[in-house]
Amino acid sequence: MVIITLQRDKCIGCNYCAEMAPGQFKMSKKDGKSVLLRSVNKKGFHTLKDLDDSILEDNQKAASACPVKIISVKSV
């Protein structure tokens with residue numbers, strides 16, 4: 001299982017996550033910030049739990065590329 005967490009409030013809208021992991025991230029047309037698709041928001045932390053381990057590498061690249069380091073990716 002892959003667990004991805006996004007602190008959306010701190011997003012600066014650089015678009016790296018959406019470029020590197022388009023299956024999980026997109027940019028909001030409303031405010032220009034990243035959206036973690038199919039995630040659950042709990043106190044500003046948007047979390048997605050996915051059983052598909054094939055998404056791990058792309059999302060790790062997205063987390064590494066994020067200039068404000070607001071994406072966390074874990075494999076459990």
# chains A, B, ... in the order shown; residues from 1 in each chain; ligands from 1
$ residues_around --residues "Asn15 of chain A" --least-positions-apart "4" --cutoff "12 Å" --atoms "only C-alpha atoms" --output "list in words"
Cys11, Glu19, Met20, Ala21, Pro22, Phe25, Lys26, Met27, Ser28, Lys29, Gly32, Lys33, Ser34, Val35, Ala62, Ala63, Ala65, Cys66, Pro67 and Val68 of chain A
$ write_last_selection --atoms "all heavy atoms" --output "short mmCIF file (atom, residue, chain, number, x, y, z; two decimals), in the first residue's frame"
data_model
loop_
_atom_site.label_atom_id
_atom_site.label_comp_id
_atom_site.auth_asym_id
_atom_site.auth_seq_id
_atom_site.Cartn_x
_atom_site.Cartn_y
_atom_site.Cartn_z
N CYS A 11 0.98 24.88 -0.42
CA CYS A 11 1.34 24.72 -1.84
C CYS A 11 1.57 26.09 -2.49
O CYS A 11 0.82 27.03 -2.26
CB CYS A 11 0.21 23.99 -2.57
SG CYS A 11 0.52 23.76 -4.34
N GLU A 19 3.00 17.20 -12.96
CA GLU A 19 3.78 16.75 -14.11
C GLU A 19 4.36 15.36 -13.88
O GLU A 19 4.41 14.55 -14.80
CB GLU A 19 4.93 17.73 -14.38
CG GLU A 19 4.47 19.05 -14.96
CD GLU A 19 5.63 20.02 -15.16
OE1 GLU A 19 6.79 19.58 -15.20
OE2 GLU A 19 5.35 21.22 -15.27
N MET A 20 4.80 15.07 -12.66
CA MET A 20 5.49 13.81 -12.38
C MET A 20 4.56 12.68 -11.99
O MET A 20 4.89 11.52 -12.20
CB MET A 20 6.53 14.04 -11.30
CG MET A 20 7.60 14.97 -11.76
SD MET A 20 8.91 15.09 -10.57
CE MET A 20 10.00 16.20 -11.45
N ALA A 21 3.41 13.00 -11.42
CA ALA A 21 2.45 11.97 -11.01
C ALA A 21 1.03 12.43 -11.38
O ALA A 21 0.20 12.68 -10.50
CB ALA A 21 2.57 11.70 -9.52
N PRO A 22 0.74 12.53 -12.68
CA PRO A 22 -0.57 13.05 -13.11
C PRO A 22 -1.75 12.16 -12.71
O PRO A 22 -2.89 12.62 -12.71
CB PRO A 22 -0.43 13.16 -14.63
CG PRO A 22 0.65 12.20 -14.99
CD PRO A 22 1.59 12.18 -13.82
N PHE A 25 -2.11 13.70 -8.93
CA PHE A 25 -2.16 15.14 -8.70
C PHE A 25 -2.68 15.90 -9.91
O PHE A 25 -2.43 15.51 -11.04
CB PHE A 25 -0.75 15.68 -8.38
CG PHE A 25 -0.20 15.21 -7.07
CD1 PHE A 25 0.63 14.11 -7.02
CD2 PHE A 25 -0.49 15.87 -5.89
CE1 PHE A 25 1.16 13.66 -5.81
CE2 PHE A 25 0.03 15.45 -4.69
CZ PHE A 25 0.85 14.34 -4.65
N LYS A 26 -3.38 16.99 -9.64
CA LYS A 26 -3.75 17.95 -10.68
C LYS A 26 -3.71 19.33 -10.03
O LYS A 26 -3.70 19.46 -8.81
CB LYS A 26 -5.11 17.64 -11.28
CG LYS A 26 -6.29 17.98 -10.40
CD LYS A 26 -7.59 17.84 -11.15
CE LYS A 26 -8.73 18.38 -10.31
NZ LYS A 26 -9.99 18.41 -11.00
N MET A 27 -3.69 20.34 -10.87
CA MET A 27 -3.68 21.71 -10.37
C MET A 27 -5.10 22.27 -10.40
O MET A 27 -5.81 22.09 -11.39
CB MET A 27 -2.74 22.58 -11.21
CG MET A 27 -1.30 22.09 -11.23
SD MET A 27 -0.56 21.79 -9.61
CE MET A 27 -0.40 23.45 -9.00
N SER A 28 -5.47 22.93 -9.33
CA SER A 28 -6.81 23.52 -9.23
C SER A 28 -6.90 24.76 -10.11
O SER A 28 -6.04 25.63 -10.07
CB SER A 28 -7.09 23.90 -7.78
OG SER A 28 -8.26 24.67 -7.70
N LYS A 29 -7.95 24.83 -10.90
CA LYS A 29 -8.19 26.03 -11.72
C LYS A 29 -8.70 27.16 -10.84
O LYS A 29 -8.60 28.33 -11.20
CB LYS A 29 -9.19 25.72 -12.83
CG LYS A 29 -8.62 24.79 -13.88
CD LYS A 29 -9.61 24.48 -14.96
CE LYS A 29 -8.99 23.52 -15.96
NZ LYS A 29 -9.94 22.99 -16.90
N GLY A 32 -5.10 27.57 -8.14
CA GLY A 32 -3.76 27.32 -8.65
C GLY A 32 -2.91 26.40 -7.80
O GLY A 32 -1.73 26.21 -8.08
N LYS A 33 -3.50 25.81 -6.78
CA LYS A 33 -2.76 24.90 -5.90
C LYS A 33 -2.98 23.45 -6.32
O LYS A 33 -3.93 23.12 -7.01
CB LYS A 33 -3.19 25.09 -4.44
CG LYS A 33 -2.79 26.44 -3.89
CD LYS A 33 -3.13 26.52 -2.42
CE LYS A 33 -2.68 27.84 -1.84
NZ LYS A 33 -2.78 27.83 -0.37
N SER A 34 -2.11 22.59 -5.83
CA SER A 34 -2.18 21.17 -6.13
C SER A 34 -3.38 20.51 -5.45
O SER A 34 -3.75 20.87 -4.34
CB SER A 34 -0.89 20.50 -5.64
OG SER A 34 -0.95 19.11 -5.87
N VAL A 35 -3.95 19.52 -6.14
CA VAL A 35 -5.05 18.73 -5.60
C VAL A 35 -4.61 17.26 -5.65
O VAL A 35 -4.20 16.77 -6.70
CB VAL A 35 -6.33 18.91 -6.43
CG1 VAL A 35 -7.44 17.99 -5.94
CG2 VAL A 35 -6.78 20.36 -6.43
N ALA A 62 7.73 13.12 -7.37
CA ALA A 62 6.96 14.34 -7.14
C ALA A 62 7.30 14.94 -5.78
O ALA A 62 7.48 16.16 -5.65
CB ALA A 62 5.47 14.05 -7.24
N ALA A 63 7.41 14.10 -4.75
CA ALA A 63 7.74 14.57 -3.41
C ALA A 63 9.14 15.19 -3.38
O ALA A 63 9.36 16.23 -2.76
CB ALA A 63 7.63 13.44 -2.41
N ALA A 65 10.74 16.56 -5.90
CA ALA A 65 10.78 17.77 -6.72
C ALA A 65 10.07 18.95 -6.06
O ALA A 65 10.34 20.10 -6.42
CB ALA A 65 10.14 17.50 -8.08
N CYS A 66 9.21 18.70 -5.11
CA CYS A 66 8.43 19.77 -4.48
C CYS A 66 9.36 20.74 -3.75
O CYS A 66 10.04 20.36 -2.81
CB CYS A 66 7.42 19.17 -3.50
SG CYS A 66 6.43 20.41 -2.66
N PRO A 67 9.38 22.01 -4.17
CA PRO A 67 10.31 22.97 -3.57
C PRO A 67 9.97 23.34 -2.12
O PRO A 67 10.84 23.78 -1.38
CB PRO A 67 10.23 24.19 -4.48
CG PRO A 67 8.94 24.06 -5.19
CD PRO A 67 8.62 22.59 -5.27
N VAL A 68 8.73 23.15 -1.72
CA VAL A 68 8.34 23.47 -0.34
C VAL A 68 8.16 22.22 0.54
O VAL A 68 7.78 22.32 1.69
CB VAL A 68 7.07 24.37 -0.29
CG1 VAL A 68 7.41 25.77 -0.74
CG2 VAL A 68 5.96 23.80 -1.12
#
$ residues_around --residues "Glu57 of chain A" --least-positions-apart "2" --cutoff "12 Å" --atoms "only C-alpha atoms" --output "PyMOL selection string"
chain A and resi 2+4+20-21+52-55+59-64+73-75
$ write_last_selection --atoms "all heavy atoms" --output "tab-separated table (two decimals), in the first residue's frame"
chain	number	residue	atom	x	y	z
A	2	VAL	N	0.48	2.25	-0.76
A	2	VAL	CA	1.17	3.52	-0.83
A	2	VAL	C	0.30	4.58	-0.15
A	2	VAL	O	-0.90	4.66	-0.40
A	2	VAL	CB	1.43	3.94	-2.30
A	2	VAL	CG1	2.11	5.30	-2.36
A	2	VAL	CG2	2.27	2.89	-3.00
A	4	ILE	N	0.06	8.64	0.45
A	4	ILE	CA	0.54	9.95	-0.01
A	4	ILE	C	-0.20	11.02	0.79
A	4	ILE	O	-1.42	10.96	0.93
A	4	ILE	CB	0.25	10.15	-1.51
A	4	ILE	CG1	0.83	8.99	-2.32
A	4	ILE	CG2	0.79	11.49	-1.99
A	4	ILE	CD1	0.27	8.90	-3.73
A	20	MET	N	4.80	15.07	-12.66
A	20	MET	CA	5.49	13.81	-12.38
A	20	MET	C	4.56	12.68	-11.99
A	20	MET	O	4.89	11.52	-12.20
A	20	MET	CB	6.53	14.04	-11.30
A	20	MET	CG	7.60	14.97	-11.76
A	20	MET	SD	8.91	15.09	-10.57
A	20	MET	CE	10.00	16.20	-11.45
A	21	ALA	N	3.41	13.00	-11.42
A	21	ALA	CA	2.45	11.97	-11.01
A	21	ALA	C	1.03	12.43	-11.38
A	21	ALA	O	0.20	12.68	-10.50
A	21	ALA	CB	2.57	11.70	-9.52
A	52	ASP	N	-2.20	0.13	-5.07
A	52	ASP	CA	-1.39	-0.04	-6.27
A	52	ASP	C	0.04	0.45	-6.04
A	52	ASP	O	0.30	1.65	-6.06
A	52	ASP	CB	-2.03	0.73	-7.43
A	52	ASP	CG	-1.29	0.56	-8.74
A	52	ASP	OD1	-0.32	-0.23	-8.79
A	52	ASP	OD2	-1.68	1.22	-9.72
A	53	ASP	N	0.98	-0.47	-5.80
A	53	ASP	CA	2.37	-0.11	-5.53
A	53	ASP	C	3.09	0.47	-6.74
A	53	ASP	O	4.16	1.06	-6.60
A	53	ASP	CB	3.15	-1.33	-5.01
A	53	ASP	CG	2.76	-1.69	-3.58
A	53	ASP	OD1	2.34	-0.79	-2.84
A	53	ASP	OD2	2.89	-2.87	-3.22
A	54	SER	N	2.51	0.35	-7.93
A	54	SER	CA	3.17	0.86	-9.14
A	54	SER	C	3.21	2.39	-9.17
A	54	SER	O	3.96	2.97	-9.94
A	54	SER	CB	2.49	0.31	-10.40
A	54	SER	OG	1.21	0.88	-10.54
A	55	ILE	N	2.43	3.05	-8.32
A	55	ILE	CA	2.42	4.52	-8.29
A	55	ILE	C	3.52	5.08	-7.39
A	55	ILE	O	3.75	6.28	-7.37
A	55	ILE	CB	1.05	5.08	-7.86
A	55	ILE	CG1	0.76	4.75	-6.39
A	55	ILE	CG2	-0.06	4.60	-8.79
A	55	ILE	CD1	-0.43	5.48	-5.81
A	59	ASN	N	5.36	9.10	-7.51
A	59	ASN	CA	5.00	9.98	-6.40
A	59	ASN	C	6.21	10.32	-5.53
A	59	ASN	O	6.27	11.41	-4.97
A	59	ASN	CB	3.87	9.36	-5.59
A	59	ASN	CG	2.56	9.51	-6.31
A	59	ASN	OD1	1.97	10.57	-6.33
A	59	ASN	ND2	2.10	8.45	-6.95
A	60	GLN	N	7.17	9.42	-5.44
A	60	GLN	CA	8.41	9.76	-4.75
A	60	GLN	C	9.17	10.85	-5.51
A	60	GLN	O	9.74	11.75	-4.90
A	60	GLN	CB	9.30	8.51	-4.58
A	60	GLN	CG	8.80	7.58	-3.52
A	60	GLN	CD	9.60	6.29	-3.43
A	60	GLN	OE1	10.12	5.80	-4.43
A	60	GLN	NE2	9.69	5.75	-2.23
A	61	LYS	N	9.14	10.78	-6.83
A	61	LYS	CA	9.77	11.82	-7.66
A	61	LYS	C	9.06	13.16	-7.44
A	61	LYS	O	9.70	14.21	-7.34
A	61	LYS	CB	9.72	11.45	-9.13
A	61	LYS	CG	10.66	10.34	-9.52
A	61	LYS	CD	10.52	9.99	-10.99
A	61	LYS	CE	11.36	8.79	-11.36
A	61	LYS	NZ	11.12	8.37	-12.75
A	62	ALA	N	7.73	13.12	-7.37
A	62	ALA	CA	6.96	14.34	-7.14
A	62	ALA	C	7.30	14.94	-5.78
A	62	ALA	O	7.48	16.16	-5.65
A	62	ALA	CB	5.47	14.05	-7.24
A	63	ALA	N	7.41	14.10	-4.75
A	63	ALA	CA	7.74	14.57	-3.41
A	63	ALA	C	9.14	15.19	-3.38
A	63	ALA	O	9.36	16.23	-2.76
A	63	ALA	CB	7.63	13.44	-2.41
A	64	SER	N	10.08	14.56	-4.08
A	64	SER	CA	11.46	15.08	-4.12
A	64	SER	C	11.54	16.40	-4.86
A	64	SER	O	12.34	17.27	-4.51
A	64	SER	CB	12.38	14.07	-4.80
A	64	SER	OG	12.47	12.90	-4.04
A	73	VAL	N	5.44	10.55	0.96
A	73	VAL	CA	5.06	9.28	0.31
A	73	VAL	C	5.67	8.14	1.11
A	73	VAL	O	6.86	8.13	1.38
A	73	VAL	CB	5.57	9.24	-1.14
A	73	VAL	CG1	5.17	7.92	-1.81
A	73	VAL	CG2	5.04	10.41	-1.94
A	74	LYS	N	4.81	7.19	1.51
A	74	LYS	CA	5.28	6.02	2.25
A	74	LYS	C	4.72	4.75	1.61
A	74	LYS	O	3.61	4.75	1.08
A	74	LYS	CB	4.77	6.07	3.70
A	74	LYS	CG	5.38	7.14	4.55
A	74	LYS	CD	4.98	6.99	5.99
A	74	LYS	CE	3.62	7.63	6.21
A	74	LYS	NZ	3.20	7.70	7.59
A	75	SER	N	5.51	3.71	1.69
A	75	SER	CA	5.05	2.39	1.26
A	75	SER	C	4.97	1.51	2.50
A	75	SER	O	5.96	1.38	3.23
A	75	SER	CB	6.02	1.81	0.24
A	75	SER	OG	5.59	0.52	-0.15
$ atom_distance --atom1 "atom CA of Asp58 of chain A" --atom2 "atom CA of Cys14 of chain A"
16.5 Å
$ decode --residues "segment 38-58 of chain A" --atoms "N, CA, C and O atoms" --output "compact mmCIF listing (two decimals), in the first residue's frame"
# COMPACT_ATOMS: atom_id res chain seq x y z
N ARG A 38 -8.71 11.86 -5.17
CA ARG A 38 -9.29 10.79 -4.35
C ARG A 38 -8.79 10.79 -2.90
O ARG A 38 -8.77 9.77 -2.24
N SER A 39 -8.37 11.96 -2.41
CA SER A 39 -7.82 12.03 -1.05
C SER A 39 -8.89 12.43 -0.04
O SER A 39 -9.94 12.95 -0.40
N VAL A 40 -8.56 12.21 1.23
CA VAL A 40 -9.41 12.60 2.34
C VAL A 40 -8.69 13.73 3.08
O VAL A 40 -7.52 13.60 3.41
N ASN A 41 -9.41 14.83 3.33
CA ASN A 41 -8.83 15.98 4.02
C ASN A 41 -9.11 15.89 5.51
O ASN A 41 -10.25 15.77 5.93
N LYS A 42 -8.04 15.93 6.30
CA LYS A 42 -8.19 15.96 7.74
C LYS A 42 -7.27 17.04 8.28
O LYS A 42 -6.06 16.90 8.27
N LYS A 43 -7.85 18.17 8.67
CA LYS A 43 -7.12 19.30 9.25
C LYS A 43 -6.00 19.80 8.34
O LYS A 43 -4.88 20.04 8.78
N GLY A 44 -6.27 19.92 7.06
CA GLY A 44 -5.30 20.46 6.12
C GLY A 44 -4.34 19.44 5.53
O GLY A 44 -3.54 19.77 4.67
N PHE A 45 -4.41 18.21 5.99
CA PHE A 45 -3.58 17.13 5.44
C PHE A 45 -4.47 16.27 4.55
O PHE A 45 -5.39 15.62 5.03
N HIS A 46 -4.18 16.28 3.25
CA HIS A 46 -4.95 15.49 2.29
C HIS A 46 -4.21 14.17 2.10
O HIS A 46 -3.05 14.17 1.69
N THR A 47 -4.88 13.06 2.39
CA THR A 47 -4.23 11.75 2.37
C THR A 47 -4.93 10.80 1.42
O THR A 47 -6.15 10.70 1.40
N LEU A 48 -4.10 10.10 0.64
CA LEU A 48 -4.59 9.07 -0.27
C LEU A 48 -3.91 7.76 0.09
O LEU A 48 -2.68 7.70 0.22
N LYS A 49 -4.71 6.72 0.28
CA LYS A 49 -4.18 5.38 0.51
C LYS A 49 -4.54 4.55 -0.71
O LYS A 49 -5.71 4.44 -1.06
N ASP A 50 -3.52 4.00 -1.38
CA ASP A 50 -3.74 3.26 -2.62
C ASP A 50 -3.03 1.91 -2.55
O ASP A 50 -1.87 1.84 -2.17
N LEU A 51 -3.72 0.87 -2.94
CA LEU A 51 -3.14 -0.48 -2.91
C LEU A 51 -2.19 -0.74 -4.08
O LEU A 51 -1.46 -1.72 -4.07
N ASP A 52 -2.20 0.13 -5.07
CA ASP A 52 -1.39 -0.04 -6.27
C ASP A 52 0.04 0.45 -6.04
O ASP A 52 0.30 1.65 -6.06
N ASP A 53 0.98 -0.47 -5.80
CA ASP A 53 2.37 -0.11 -5.53
C ASP A 53 3.09 0.47 -6.74
O ASP A 53 4.16 1.06 -6.60
N SER A 54 2.51 0.35 -7.93
CA SER A 54 3.17 0.86 -9.14
C SER A 54 3.21 2.39 -9.17
O SER A 54 3.96 2.97 -9.94
N ILE A 55 2.43 3.05 -8.32
CA ILE A 55 2.42 4.52 -8.29
C ILE A 55 3.52 5.08 -7.39
O ILE A 55 3.75 6.28 -7.37
N LEU A 56 4.21 4.23 -6.67
CA LEU A 56 5.19 4.67 -5.68
C LEU A 56 6.30 5.52 -6.29
O LEU A 56 6.57 6.62 -5.81
N GLU A 57 6.94 5.05 -7.34
CA GLU A 57 8.10 5.74 -7.90
C GLU A 57 7.77 7.15 -8.40
O GLU A 57 8.48 8.11 -8.09
N ASP A 58 6.69 7.29 -9.16
CA ASP A 58 6.31 8.61 -9.69
C ASP A 58 6.01 9.59 -8.55
O ASP A 58 6.37 10.76 -8.62
